[in-house]
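Peer 1: Can you read through this structure? Questions will come right after.
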Amino acid sequence: MENIINVNKLTYKYEKENVLEDIHFSVPRGAFLGLVGPNGSGKSTLLKIILGLLKLQKGEVELFGTAIEQFKDWHRIGFVSQKANSFNSGFPATVYEVVSSGLTKKVGLFKRHKEEDKEKIRAAIDSVGLTEKIGSNIGELSGGQQQRVFIARALVSDPDLLILDEPTVGVDAKNVQSFYEMLTELNQDRGITLILVTHDIGTITDKVTHVACLNKHMHFHGDTEEFEKQNMSDLYGHDVQVLMHEHDQHHHHHHVHHHGGENR
Amino acid sequence: MIEAIFKYEFLQNAFLTGAIIGIIAPLLGVYIVVRRLSLIADALSHVTLAGIAASLLLEKRLLFTTGLNPIYLGMTFSVIGSLFIEKLRTVYKHYQELAIPIILSSGIGLGVIFISLADGFNTDLYSYLFGSVSAVSRTDLVIIIIISVIVVAFITLLYKELFLLSFDEEHAKASGIAVKSLHFFFIVLVALVIAASMRIVGILLVSSLMTLPVAASIRIAKGFKQTILLSMVFGEVSVLGGLTISYYLDLAPGGTIVVIAVLILILVILLKKMYQWKHEVRE
């Protein structure tokens with residue numbers, strides 16, 4: 001199957017310390033990948049590199065088959081950042097205005113939104129269930145609703161890949177379930193490839209199709225079934241850090257084994 | 001008053017200039033406020049002062065520059081100041097706000113030196129500090145018209161991009177927008193508008209015309225477009241009201257304009273409080 005992302009031999013350092021070391025991983029089209037790792041494991045750095053916010057230092061990254069240095073179709077990638085929870089909530093913008101900003105690049109410089117763009121904006125807002133709030137200032141919404149606004153903003157440009165960085169932080173427990181249902185729907189019905197970044201592995205294994213564990217190195221990378229076969233189930237409830245540690249011993253095994261499978 | 005405007009060219013200049021500034025200062029001000037850059041306007045206005053003082057000094061010491069409109073050097077200083085602020089913000093990555101006091105005090109420092117070299121205060125300088133109705137020349141008016149055309153074109157053509165930059169800089173970067181150049185042009189425009197506005201409101205009060213109307217509109221507006229529209233309305237009311245009152249009562253226009261803007265702000269805050277209170281009672 002075609003890979004949307006290919007990462008090869010990626011190493012990245014801040015100052016002198018390696019944050020990412022020799023990362024290999026790939027995301028097949030249509031996957032729902034859970035990227036798991038404790039705080040400081042390099043998850044955000046990896047994301048920033050994939051999103052083109054940090055320059056490649058060593059290694060290769062391919063997006064949709066194009067080397068990232070040449071990649072131009074950024075609108076194909078939607079991103080919902082962790083910062084979505086800590087934006088300036090006093091900013092005077094309506095839900096509609098925030099979602100419309102997701103089309104900025106696609107509509108193009110000096111151009112205004114056409115009727116079909118407006119239609120897309122309304123559809124994106126509808127798909128996250130916020131039509132009622134379309135004219136409200138974003139600051140008046142609850143944390144979970146704000147997060148949905150940011151997802152709608154990412155969806156409005158019809159991305160093939162949607163990356164979510166800790167999207168359920170600040171969403172209350174009773175809404176988390178419906179939030180994941182929405183994601184599954186996007187993945188299965190609309191065929192959007194998803195990468196969900198989280199430090200909490202327990203809540204996602206039954207939702208995602210693939211898992212990648214990161215802590216400077218990529219410790220495991222494969223589909224969920226395989227992940228569970230590796231006798232990981234007894235580790236649920238443990239600290240993620242512990243999980244990573246235990247993985248360390250098998251690191252090479254998983255890695256090599258899996259990667260061969262992925263590119264077949 | 002209407003009659004006087006038709007009669008005297010200086011009044012036409014002042015009112016037309018004021019009417020334009022009343023719109024473009026709050027227009028840029030919205031972006032300044034939501035991007036939390038309010039103090040940059042202050043820093044730049046003080047740098048403009050240094051430019052004005054330098055121009056007045058040159059005029060006094062070197063006869064050949066007589067007649068050169070001080071607004072040119074004011075604008076030059078202001079733009080250079082804006083570039084320094086940007087440079088300093090990258091030098092002090094973790095203390096970005098430090099760039100503002102550095103530039104602000106450099107501006108005052110230079111300004112004061114130039115003033116003392118030119119043998120102190122005179123009426124010219126006074127009118128630059130606090131604004132003046134009679135000091136606005138045709139040249140000033142023409143410069144302001146040109147600047148306002150650039151500002152309005154910039155904001156209408158790049159509305160989407162500027163909104164995204166203001167709301168979420170990281171996302172703007174991620175979606176491939178030339179954030180740096182956009183910000184650069186924006187700051188240069190702010191510098192130009194500040195230099196252009198000081199004839200009417202005065203250097204010390206320019207920044208308030210960029211922030212006070214926005215502070216009021218942000219309390220009650222729904223959405224960004226409405227915030228911009230209301231800010232321009234509040235700005236325009238302040239300027240035209242202030243100029244009229246200052247003409248009749250012979251007051252410094254800058255101060256009158258700013259006091260009206262403050263009154264609008266207070267009124268809006270009170271009305272909003274009353275509205276919320278009424279709402280709570282009903283529920």
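Chain labels run A, B, ... following the order of the structure tokens; each chain numbers its residues from 1, and ligands are numbered from 1 in the order shown.
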Using only C-alpha atoms, which residues of chain A come within 10 Å of chain B, and what is the closest atom pair for each, with the distance in Å to one decimal? Give it as a Markdown table, sorted by chain and residue number.
Peer 2:
| residue | atom | partner | partner_atom | distance |
| --- | --- | --- | --- | --- |
| A:Lys48 | CA | B:Ala174 | CA | 8.7 |
| A:Ile50 | CA | B:Ala174 | CA | 9.9 |
| A:Leu51 | CA | B:Ala174 | CA | 6.2 |
| A:Gly52 | CA | B:Ala174 | CA | 6.6 |
| A:Leu53 | CA | B:Ala174 | CA | 6.2 |
| A:Leu54 | CA | B:Ala174 | CA | 9.9 |
| A:Lys72 | CA | B:Gly176 | CA | 8.2 |
| A:Asp73 | CA | B:Ser175 | CA | 9.1 |
| A:Trp74 | CA | B:Ser175 | CA | 5.8 |
| A:His75 | CA | B:Ser175 | CA | 6.6 |
| A:Arg76 | CA | B:Ser175 | CA | 9.7 |
| A:Ile77 | CA | B:Ser175 | CA | 8.7 |
| A:Gly78 | CA | B:Ser175 | CA | 8.8 |
| A:Phe79 | CA | B:His171 | CA | 8.0 |
| A:Val80 | CA | B:His171 | CA | 8.8 |
| A:Ser81 | CA | B:His171 | CA | 8.4 |
| A:Lys83 | CA | B:Glu170 | CA | 9.3 |
| A:Ala84 | CA | B:Asp168 | CA | 9.1 |
| A:Phe87 | CA | B:Asp168 | CA | 7.8 |
| A:Asn88 | CA | B:Phe167 | CA | 7.9 |
| A:Ser89 | CA | B:Phe167 | CA | 10.0 |
| A:Gly90 | CA | B:Val34 | CA | 8.6 |
| A:Phe91 | CA | B:Val34 | CA | 6.4 |
| A:Pro92 | CA | B:Gly223 | CA | 5.0 |
| A:Ala93 | CA | B:Gly223 | CA | 3.9 |
| A:Thr94 | CA | B:Gly223 | CA | 4.5 |
| A:Val95 | CA | B:Gly223 | CA | 8.3 |
| A:Tyr96 | CA | B:Gly223 | CA | 8.7 |
| A:Glu97 | CA | B:Gly223 | CA | 7.2 |
| A:Val98 | CA | B:Phe167 | CA | 8.1 |
| A:Ser100 | CA | B:Lys160 | CA | 8.6 |
| A:Ser101 | CA | B:Leu164 | CA | 5.8 |
| A:Gly102 | CA | B:Leu164 | CA | 8.3 |
| A:Leu103 | CA | B:Lys160 | CA | 8.7 |
| A:Thr104 | CA | B:Lys160 | CA | 5.9 |
| A:Lys105 | CA | B:Ser175 | CA | 6.3 |
| A:Lys106 | CA | B:Ser175 | CA | 9.0 |
| A:Val107 | CA | B:Lys160 | CA | 9.3 |
| A:Gly108 | CA | B:Lys160 | CA | 9.2 |
| A:Leu109 | CA | B:Leu158 | CA | 6.9 |
| A:Phe110 | CA | B:Leu157 | CA | 4.6 |
| A:Lys111 | CA | B:Leu157 | CA | 7.2 |
| A:Arg112 | CA | B:Lys160 | CA | 8.0 |
| A:His113 | CA | B:Lys160 | CA | 9.2 |
| A:Gly135 | CA | B:Lys222 | CA | 7.5 |
| A:Ser136 | CA | B:Lys222 | CA | 6.9 |
| A:Asn137 | CA | B:Gly223 | CA | 5.9 |
| A:Ile138 | CA | B:Gly223 | CA | 8.5 |
| A:Ala154 | CA | B:His171 | CA | 10.0 |
Peer 1: Just the selected residues (C-alpha atoms), exported as a PDB file, in the first residue's frame, please.
Peer 2:
ATOM      1  CA  LYS A  48       7.399  19.731  13.626  1.00  0.00           C
ATOM      2  CA  ILE A  50       6.981  16.407   9.333  1.00  0.00           C
ATOM      3  CA  LEU A  51       5.029  19.657   9.218  1.00  0.00           C
ATOM      4  CA  GLY A  52       8.014  21.515   7.817  1.00  0.00           C
ATOM      5  CA  LEU A  53       8.347  23.764  10.868  1.00  0.00           C
ATOM      6  CA  LEU A  54      11.827  22.442  11.655  1.00  0.00           C
ATOM      7  CA  LYS A  72       4.540  22.098  -1.702  1.00  0.00           C
ATOM      8  CA  ASP A  73       1.061  20.649  -1.106  1.00  0.00           C
ATOM      9  CA  TRP A  74       0.866  21.586   2.558  1.00  0.00           C
ATOM     10  CA  HIS A  75      -2.908  21.870   2.364  1.00  0.00           C
ATOM     11  CA  ARG A  76      -3.021  18.067   2.082  1.00  0.00           C
ATOM     12  CA  ILE A  77      -1.887  17.901   5.690  1.00  0.00           C
ATOM     13  CA  GLY A  78      -4.193  19.103   8.425  1.00  0.00           C
ATOM     14  CA  PHE A  79      -2.738  19.781  11.849  1.00  0.00           C
ATOM     15  CA  VAL A  80      -4.417  20.295  15.189  1.00  0.00           C
ATOM     16  CA  SER A  81      -1.766  21.406  17.644  1.00  0.00           C
ATOM     17  CA  LYS A  83      -1.534  24.695  21.552  1.00  0.00           C
ATOM     18  CA  ALA A  84      -5.109  24.677  20.373  1.00  0.00           C
ATOM     19  CA  PHE A  87      -4.573  29.860  22.331  1.00  0.00           C
ATOM     20  CA  ASN A  88      -5.585  33.402  23.168  1.00  0.00           C
ATOM     21  CA  SER A  89      -9.197  32.708  24.083  1.00  0.00           C
ATOM     22  CA  GLY A  90      -9.907  36.433  24.169  1.00  0.00           C
ATOM     23  CA  PHE A  91      -9.236  36.643  20.447  1.00  0.00           C
ATOM     24  CA  PRO A  92     -12.232  38.249  18.785  1.00  0.00           C
ATOM     25  CA  ALA A  93     -13.010  35.686  16.104  1.00  0.00           C
ATOM     26  CA  THR A  94     -16.125  33.656  15.388  1.00  0.00           C
ATOM     27  CA  VAL A  95     -16.141  29.908  14.842  1.00  0.00           C
ATOM     28  CA  TYR A  96     -16.746  30.603  11.161  1.00  0.00           C
ATOM     29  CA  GLU A  97     -13.763  32.936  10.918  1.00  0.00           C
ATOM     30  CA  VAL A  98     -11.415  30.503  12.659  1.00  0.00           C
ATOM     31  CA  SER A 100     -12.205  29.759   7.317  1.00  0.00           C
ATOM     32  CA  SER A 101      -8.569  30.478   8.174  1.00  0.00           C
ATOM     33  CA  GLY A 102      -7.881  26.832   7.354  1.00  0.00           C
ATOM     34  CA  LEU A 103      -8.467  27.665   3.698  1.00  0.00           C
ATOM     35  CA  THR A 104      -6.026  30.564   3.604  1.00  0.00           C
ATOM     36  CA  LYS A 105      -3.305  28.885   1.626  1.00  0.00           C
ATOM     37  CA  LYS A 106      -5.610  26.914  -0.640  1.00  0.00           C
ATOM     38  CA  VAL A 107      -7.658  29.912  -1.711  1.00  0.00           C
ATOM     39  CA  GLY A 108      -4.436  31.721  -2.488  1.00  0.00           C
ATOM     40  CA  LEU A 109      -2.864  35.112  -2.117  1.00  0.00           C
ATOM     41  CA  PHE A 110      -4.999  38.207  -2.803  1.00  0.00           C
ATOM     42  CA  LYS A 111      -8.132  36.100  -3.387  1.00  0.00           C
ATOM     43  CA  ARG A 112     -11.356  36.081  -1.436  1.00  0.00           C
ATOM     44  CA  HIS A 113     -13.472  33.092  -0.459  1.00  0.00           C
ATOM     45  CA  GLY A 135     -21.400  32.872  14.822  1.00  0.00           C
ATOM     46  CA  SER A 136     -20.147  32.666  18.410  1.00  0.00           C
ATOM     47  CA  ASN A 137     -16.806  34.020  19.469  1.00  0.00           C
ATOM     48  CA  ILE A 138     -14.418  31.145  19.989  1.00  0.00           C
ATOM     49  CA  ALA A 154      -7.950  21.350   9.693  1.00  0.00           C
TER      50      ALA A 154
END
Peer 1: Output as a PDB file with N, CA and C atoms, in the first residue's frame all residues of stretch 56-202 of chain A that backbone DSSP marks as alpha helix (DSSP H).
Peer 2:
ATOM      1  N   VAL A  95     -16.438  31.271  15.272  1.00  0.00           N
ATOM      2  CA  VAL A  95     -16.141  29.908  14.842  1.00  0.00           C
ATOM      3  C   VAL A  95     -15.950  29.885  13.325  1.00  0.00           C
ATOM      4  N   TYR A  96     -16.844  30.567  12.620  1.00  0.00           N
ATOM      5  CA  TYR A  96     -16.746  30.603  11.161  1.00  0.00           C
ATOM      6  C   TYR A  96     -15.409  31.185  10.703  1.00  0.00           C
ATOM      7  N   GLU A  97     -15.014  32.281  11.331  1.00  0.00           N
ATOM      8  CA  GLU A  97     -13.763  32.936  10.918  1.00  0.00           C
ATOM      9  C   GLU A  97     -12.547  32.041  11.176  1.00  0.00           C
ATOM     10  N   VAL A  98     -12.549  31.379  12.346  1.00  0.00           N
ATOM     11  CA  VAL A  98     -11.415  30.503  12.659  1.00  0.00           C
ATOM     12  C   VAL A  98     -11.342  29.354  11.655  1.00  0.00           C
ATOM     13  N   VAL A  99     -12.481  28.739  11.384  1.00  0.00           N
ATOM     14  CA  VAL A  99     -12.478  27.610  10.450  1.00  0.00           C
ATOM     15  C   VAL A  99     -12.082  28.079   9.048  1.00  0.00           C
ATOM     16  N   SER A 100     -12.541  29.264   8.659  1.00  0.00           N
ATOM     17  CA  SER A 100     -12.205  29.759   7.317  1.00  0.00           C
ATOM     18  C   SER A 100     -10.701  29.989   7.171  1.00  0.00           C
ATOM     19  N   THR A 104      -6.846  29.432   4.034  1.00  0.00           N
ATOM     20  CA  THR A 104      -6.026  30.564   3.604  1.00  0.00           C
ATOM     21  C   THR A 104      -5.094  30.241   2.456  1.00  0.00           C
ATOM     22  N   LYS A 105      -4.314  29.181   2.634  1.00  0.00           N
ATOM     23  CA  LYS A 105      -3.305  28.885   1.626  1.00  0.00           C
ATOM     24  C   LYS A 105      -3.943  28.352   0.341  1.00  0.00           C
ATOM     25  N   LYS A 106      -4.986  27.547   0.519  1.00  0.00           N
ATOM     26  CA  LYS A 106      -5.610  26.914  -0.640  1.00  0.00           C
ATOM     27  C   LYS A 106      -6.305  27.938  -1.537  1.00  0.00           C
ATOM     28  N   VAL A 107      -6.964  28.889  -0.923  1.00  0.00           N
ATOM     29  CA  VAL A 107      -7.658  29.912  -1.711  1.00  0.00           C
ATOM     30  C   VAL A 107      -6.645  30.773  -2.451  1.00  0.00           C
ATOM     31  N   GLU A 115     -18.113  31.188  -3.186  1.00  0.00           N
ATOM     32  CA  GLU A 115     -19.297  30.568  -2.582  1.00  0.00           C
ATOM     33  C   GLU A 115     -19.010  29.111  -2.205  1.00  0.00           C
ATOM     34  N   GLU A 116     -18.254  28.394  -3.056  1.00  0.00           N
ATOM     35  CA  GLU A 116     -17.985  26.988  -2.752  1.00  0.00           C
ATOM     36  C   GLU A 116     -17.052  26.858  -1.532  1.00  0.00           C
ATOM     37  N   ASP A 117     -16.187  27.836  -1.345  1.00  0.00           N
ATOM     38  CA  ASP A 117     -15.340  27.822  -0.154  1.00  0.00           C
ATOM     39  C   ASP A 117     -16.203  27.998   1.102  1.00  0.00           C
ATOM     40  N   LYS A 118     -17.153  28.926   0.993  1.00  0.00           N
ATOM     41  CA  LYS A 118     -18.037  29.173   2.128  1.00  0.00           C
ATOM     42  C   LYS A 118     -18.840  27.910   2.458  1.00  0.00           C
ATOM     43  N   GLU A 119     -19.237  27.227   1.400  1.00  0.00           N
ATOM     44  CA  GLU A 119     -19.975  25.975   1.574  1.00  0.00           C
ATOM     45  C   GLU A 119     -19.113  24.963   2.330  1.00  0.00           C
ATOM     46  N   LYS A 120     -17.838  24.878   1.925  1.00  0.00           N
ATOM     47  CA  LYS A 120     -16.900  23.957   2.565  1.00  0.00           C
ATOM     48  C   LYS A 120     -16.725  24.283   4.037  1.00  0.00           C
ATOM     49  N   ILE A 121     -16.648  25.579   4.327  1.00  0.00           N
ATOM     50  CA  ILE A 121     -16.456  26.012   5.713  1.00  0.00           C
ATOM     51  C   ILE A 121     -17.653  25.566   6.558  1.00  0.00           C
ATOM     52  N   ARG A 122     -18.851  25.814   6.003  1.00  0.00           N
ATOM     53  CA  ARG A 122     -20.055  25.419   6.747  1.00  0.00           C
ATOM     54  C   ARG A 122     -20.122  23.894   6.906  1.00  0.00           C
ATOM     55  N   ALA A 123     -19.707  23.171   5.862  1.00  0.00           N
ATOM     56  CA  ALA A 123     -19.745  21.703   5.945  1.00  0.00           C
ATOM     57  C   ALA A 123     -18.771  21.196   7.008  1.00  0.00           C
ATOM     58  N   ALA A 124     -17.587  21.804   7.063  1.00  0.00           N
ATOM     59  CA  ALA A 124     -16.593  21.379   8.048  1.00  0.00           C
ATOM     60  C   ALA A 124     -17.104  21.627   9.467  1.00  0.00           C
ATOM     61  N   ILE A 125     -17.756  22.770   9.656  1.00  0.00           N
ATOM     62  CA  ILE A 125     -18.301  23.082  10.974  1.00  0.00           C
ATOM     63  C   ILE A 125     -19.408  22.094  11.320  1.00  0.00           C
ATOM     64  N   ASP A 126     -20.197  21.753  10.324  1.00  0.00           N
ATOM     65  CA  ASP A 126     -21.272  20.792  10.531  1.00  0.00           C
ATOM     66  C   ASP A 126     -20.705  19.415  10.886  1.00  0.00           C
ATOM     67  N   SER A 127     -19.602  19.036  10.243  1.00  0.00           N
ATOM     68  CA  SER A 127     -19.060  17.691  10.469  1.00  0.00           C
ATOM     69  C   SER A 127     -18.483  17.531  11.873  1.00  0.00           C
ATOM     70  N   GLY A 143     -13.853  23.898  26.288  1.00  0.00           N
ATOM     71  CA  GLY A 143     -12.587  23.353  25.784  1.00  0.00           C
ATOM     72  C   GLY A 143     -12.787  22.329  24.674  1.00  0.00           C
ATOM     73  N   GLY A 144     -13.756  21.425  24.883  1.00  0.00           N
ATOM     74  CA  GLY A 144     -14.007  20.388  23.890  1.00  0.00           C
ATOM     75  C   GLY A 144     -14.529  20.964  22.588  1.00  0.00           C
ATOM     76  N   GLN A 145     -15.393  21.966  22.710  1.00  0.00           N
ATOM     77  CA  GLN A 145     -15.926  22.601  21.503  1.00  0.00           C
ATOM     78  C   GLN A 145     -14.832  23.342  20.751  1.00  0.00           C
ATOM     79  N   GLN A 146     -13.944  24.006  21.509  1.00  0.00           N
ATOM     80  CA  GLN A 146     -12.838  24.714  20.858  1.00  0.00           C
ATOM     81  C   GLN A 146     -11.972  23.734  20.073  1.00  0.00           C
ATOM     82  N   GLN A 147     -11.719  22.573  20.692  1.00  0.00           N
ATOM     83  CA  GLN A 147     -10.914  21.561  20.009  1.00  0.00           C
ATOM     84  C   GLN A 147     -11.595  21.132  18.703  1.00  0.00           C
ATOM     85  N   ARG A 148     -12.902  21.027  18.724  1.00  0.00           N
ATOM     86  CA  ARG A 148     -13.637  20.674  17.501  1.00  0.00           C
ATOM     87  C   ARG A 148     -13.523  21.764  16.447  1.00  0.00           C
ATOM     88  N   VAL A 149     -13.499  22.995  16.904  1.00  0.00           N
ATOM     89  CA  VAL A 149     -13.319  24.093  15.949  1.00  0.00           C
ATOM     90  C   VAL A 149     -11.989  23.932  15.215  1.00  0.00           C
ATOM     91  N   PHE A 150     -10.955  23.590  15.985  1.00  0.00           N
ATOM     92  CA  PHE A 150      -9.637  23.445  15.359  1.00  0.00           C
ATOM     93  C   PHE A 150      -9.589  22.246  14.420  1.00  0.00           C
ATOM     94  N   ILE A 151     -10.339  21.207  14.745  1.00  0.00           N
ATOM     95  CA  ILE A 151     -10.401  20.071  13.828  1.00  0.00           C
ATOM     96  C   ILE A 151     -11.136  20.474  12.550  1.00  0.00           C
ATOM     97  N   ALA A 152     -12.215  21.241  12.724  1.00  0.00           N
ATOM     98  CA  ALA A 152     -12.938  21.717  11.542  1.00  0.00           C
ATOM     99  C   ALA A 152     -12.024  22.579  10.673  1.00  0.00           C
ATOM    100  N   ARG A 153     -11.209  23.396  11.325  1.00  0.00           N
ATOM    101  CA  ARG A 153     -10.281  24.222  10.564  1.00  0.00           C
ATOM    102  C   ARG A 153      -9.307  23.353   9.765  1.00  0.00           C
ATOM    103  N   ALA A 154      -8.876  22.241  10.403  1.00  0.00           N
ATOM    104  CA  ALA A 154      -7.950  21.350   9.693  1.00  0.00           C
ATOM    105  C   ALA A 154      -8.658  20.607   8.563  1.00  0.00           C
ATOM    106  N   LEU A 155      -9.957  20.328   8.757  1.00  0.00           N
ATOM    107  CA  LEU A 155     -10.702  19.543   7.764  1.00  0.00           C
ATOM    108  C   LEU A 155     -11.114  20.352   6.541  1.00  0.00           C
ATOM    109  N   ALA A 173     -13.978  14.142  30.346  1.00  0.00           N
ATOM    110  CA  ALA A 173     -14.037  12.699  30.120  1.00  0.00           C
ATOM    111  C   ALA A 173     -15.281  12.257  29.349  1.00  0.00           C
ATOM    112  N   LYS A 174     -16.427  12.853  29.653  1.00  0.00           N
ATOM    113  CA  LYS A 174     -17.644  12.342  29.018  1.00  0.00           C
ATOM    114  C   LYS A 174     -17.720  12.715  27.535  1.00  0.00           C
ATOM    115  N   ASN A 175     -16.923  13.701  27.134  1.00  0.00           N
ATOM    116  CA  ASN A 175     -16.916  14.055  25.716  1.00  0.00           C
ATOM    117  C   ASN A 175     -15.802  13.373  24.938  1.00  0.00           C
ATOM    118  N   VAL A 176     -14.865  12.744  25.669  1.00  0.00           N
ATOM    119  CA  VAL A 176     -13.727  12.119  24.999  1.00  0.00           C
ATOM    120  C   VAL A 176     -14.208  10.993  24.094  1.00  0.00           C
ATOM    121  N   GLN A 177     -15.159  10.209  24.583  1.00  0.00           N
ATOM    122  CA  GLN A 177     -15.667   9.078  23.819  1.00  0.00           C
ATOM    123  C   GLN A 177     -16.241   9.513  22.476  1.00  0.00           C
ATOM    124  N   SER A 178     -17.095  10.535  22.521  1.00  0.00           N
ATOM    125  CA  SER A 178     -17.713  10.987  21.271  1.00  0.00           C
ATOM    126  C   SER A 178     -16.677  11.644  20.373  1.00  0.00           C
ATOM    127  N   PHE A 179     -15.654  12.170  21.003  1.00  0.00           N
ATOM    128  CA  PHE A 179     -14.562  12.760  20.240  1.00  0.00           C
ATOM    129  C   PHE A 179     -13.854  11.685  19.415  1.00  0.00           C
ATOM    130  N   TYR A 180     -13.568  10.549  20.058  1.00  0.00           N
ATOM    131  CA  TYR A 180     -12.903   9.456  19.343  1.00  0.00           C
ATOM    132  C   TYR A 180     -13.820   8.865  18.274  1.00  0.00           C
ATOM    133  N   GLU A 181     -15.106   8.819  18.566  1.00  0.00           N
ATOM    134  CA  GLU A 181     -16.050   8.330  17.559  1.00  0.00           C
ATOM    135  C   GLU A 181     -15.999   9.188  16.307  1.00  0.00           C
ATOM    136  N   MET A 182     -15.890  10.497  16.551  1.00  0.00           N
ATOM    137  CA  MET A 182     -15.802  11.420  15.418  1.00  0.00           C
ATOM    138  C   MET A 182     -14.546  11.121  14.591  1.00  0.00           C
ATOM    139  N   LEU A 183     -13.431  10.868  15.300  1.00  0.00           N
ATOM    140  CA  LEU A 183     -12.176  10.581  14.589  1.00  0.00           C
ATOM    141  C   LEU A 183     -12.283   9.289  13.777  1.00  0.00           C
ATOM    142  N   THR A 184     -12.846   8.267  14.385  1.00  0.00           N
ATOM    143  CA  THR A 184     -13.005   6.993  13.680  1.00  0.00           C
ATOM    144  C   THR A 184     -13.839   7.180  12.422  1.00  0.00           C
ATOM    145  N   GLU A 185     -14.876   7.998  12.559  1.00  0.00           N
ATOM    146  CA  GLU A 185     -15.731   8.288  11.418  1.00  0.00           C
ATOM    147  C   GLU A 185     -14.943   8.958  10.295  1.00  0.00           C
ATOM    148  N   LEU A 186     -14.131   9.939  10.678  1.00  0.00           N
ATOM    149  CA  LEU A 186     -13.319  10.637   9.674  1.00  0.00           C
ATOM    150  C   LEU A 186     -12.395   9.652   8.971  1.00  0.00           C
ATOM    151  N   ASN A 187     -11.831   8.735   9.767  1.00  0.00           N
ATOM    152  CA  ASN A 187     -10.885   7.763   9.234  1.00  0.00           C
ATOM    153  C   ASN A 187     -11.577   6.763   8.319  1.00  0.00           C
ATOM    154  N   GLN A 188     -12.705   6.205   8.776  1.00  0.00           N
ATOM    155  CA  GLN A 188     -13.346   5.133   8.017  1.00  0.00           C
ATOM    156  C   GLN A 188     -14.253   5.638   6.904  1.00  0.00           C
ATOM    157  N   ASP A 189     -15.039   6.664   7.188  1.00  0.00           N
ATOM    158  CA  ASP A 189     -15.996   7.120   6.182  1.00  0.00           C
ATOM    159  C   ASP A 189     -15.384   8.054   5.160  1.00  0.00           C
TER     160      ASP A 189
END
Peer 1: Could you tell me how far atom CA of B:Phe15 lies from atom CA of B:Leu104, in Å and to one decimal?
Peer 2: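 Those two atoms sit 29.5 Å apart.
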Peer 1: Within 9 Å of B:Leu204, counting only C-alpha atoms, which residues show up once you throw out same-chain ones fewer than 2 positions away? Write them as a list in words, please.
Peer 2: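 Counting only the stated atoms, we get Asp42, Ser45, His46, Leu49, Tyr128, Leu129, Phe130, Gly131, Met198, Val201, Gly202, Val206, Ser207, Ser208 and Gly254 of chain B.
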Peer 1: Mind giving me the straight-line distance from atom CA of B:Arg61 to atom CA of B:Ala118 in Å, one decimal?
Peer 2: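 The value is 7.6 Å.
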Peer 1: Can you measure atom CA of B:Leu37 to atom CA of B:Tyr95 for me? One decimal in Å is fine.
Peer 2: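 Separation of atom CA of B:Leu37 and atom CA of B:Tyr95: 13.5 Å.
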Peer 1: Need the shell around B:Ile269: protein/DNA/RNA residues with any atom at most 8 Å away, counting only C-alpha atoms. Skip same-chain ones fewer than 4 positions apart. Format as a VMD selection string?
Peer 2: chain B and resid 216 219 265 273
Peer 1: Find the residues around B:Met232 up to 9 Å (only C-alpha atoms counted), leave out those fewer than 3 positions away in its own chain, and share them as a PyMOL selection string.
Peer 2: chain B and resi 22-27+213-214+227-229+235-237
Peer 1: Hey, what's within 9 Å of stretch 243-245 of chain B if we count only C-alpha atoms and toss same-chain stuff fewer than 2 positions away? As a list in words, please?
Peer 2: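 Within the cut-off, the hits are Met1, Ala14, Phe15, Gly18, Val133, Ile200, Ser238, Val239, Leu240, Gly241, Tyr247, Tyr248, Leu249, Asp250, Leu251, Ala252, Pro253, Gly254, Thr256 and Ile257 of chain B.
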Peer 1: Got time to write the residues from that selection, C-alpha atoms, as a PDB file, in the first residue's frame?
Peer 2:
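Output saved as result_7.pdb:
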ATOM      1  CA  MET B   1     -17.766  75.492  11.908  1.00  0.00           C
ATOM      2  CA  ALA B  14      -6.710  69.019   9.602  1.00  0.00           C
ATOM      3  CA  PHE B  15     -10.165  67.495   9.235  1.00  0.00           C
ATOM      4  CA  GLY B  18      -7.969  63.440  10.970  1.00  0.00           C
ATOM      5  CA  VAL B 133      -4.964  71.675  14.014  1.00  0.00           C
ATOM      6  CA  ILE B 200      -2.911  65.531  14.518  1.00  0.00           C
ATOM      7  CA  SER B 238     -12.991  60.233  18.636  1.00  0.00           C
ATOM      8  CA  VAL B 239     -10.990  62.094  16.006  1.00  0.00           C
ATOM      9  CA  LEU B 240     -13.797  64.134  14.473  1.00  0.00           C
ATOM     10  CA  GLY B 241     -15.376  64.855  17.873  1.00  0.00           C
ATOM     11  CA  TYR B 247     -11.335  73.924  17.679  1.00  0.00           C
ATOM     12  CA  TYR B 248     -14.121  75.569  19.630  1.00  0.00           C
ATOM     13  CA  LEU B 249     -12.499  75.408  23.054  1.00  0.00           C
ATOM     14  CA  ASP B 250      -8.981  76.035  21.770  1.00  0.00           C
ATOM     15  CA  LEU B 251      -7.588  72.826  23.278  1.00  0.00           C
ATOM     16  CA  ALA B 252      -4.760  70.602  22.083  1.00  0.00           C
ATOM     17  CA  PRO B 253      -6.490  68.245  19.623  1.00  0.00           C
ATOM     18  CA  GLY B 254      -4.412  65.200  20.604  1.00  0.00           C
ATOM     19  CA  THR B 256      -9.183  65.962  23.308  1.00  0.00           C
ATOM     20  CA  ILE B 257      -9.236  63.064  20.840  1.00  0.00           C
TER      21      ILE B 257
END
Peer 1: Using only C-alpha atoms, find the one residue out of B:Met210, B:Ile85, B:Ala4, B:Ala43 that sits nearest to B:Phe184.
Peer 2: B:Ile85
Peer 1: Which residues are near stretch 17-25 of chain A? Cut-off 6 Å, only C-alpha atoms, ignore same chain within fewer than 5 positions. Put them as JSON, numbers by chain.
Peer 2: {"A": [7, 8, 9, 10, 11, 12, 42, 216, 217, 218]}
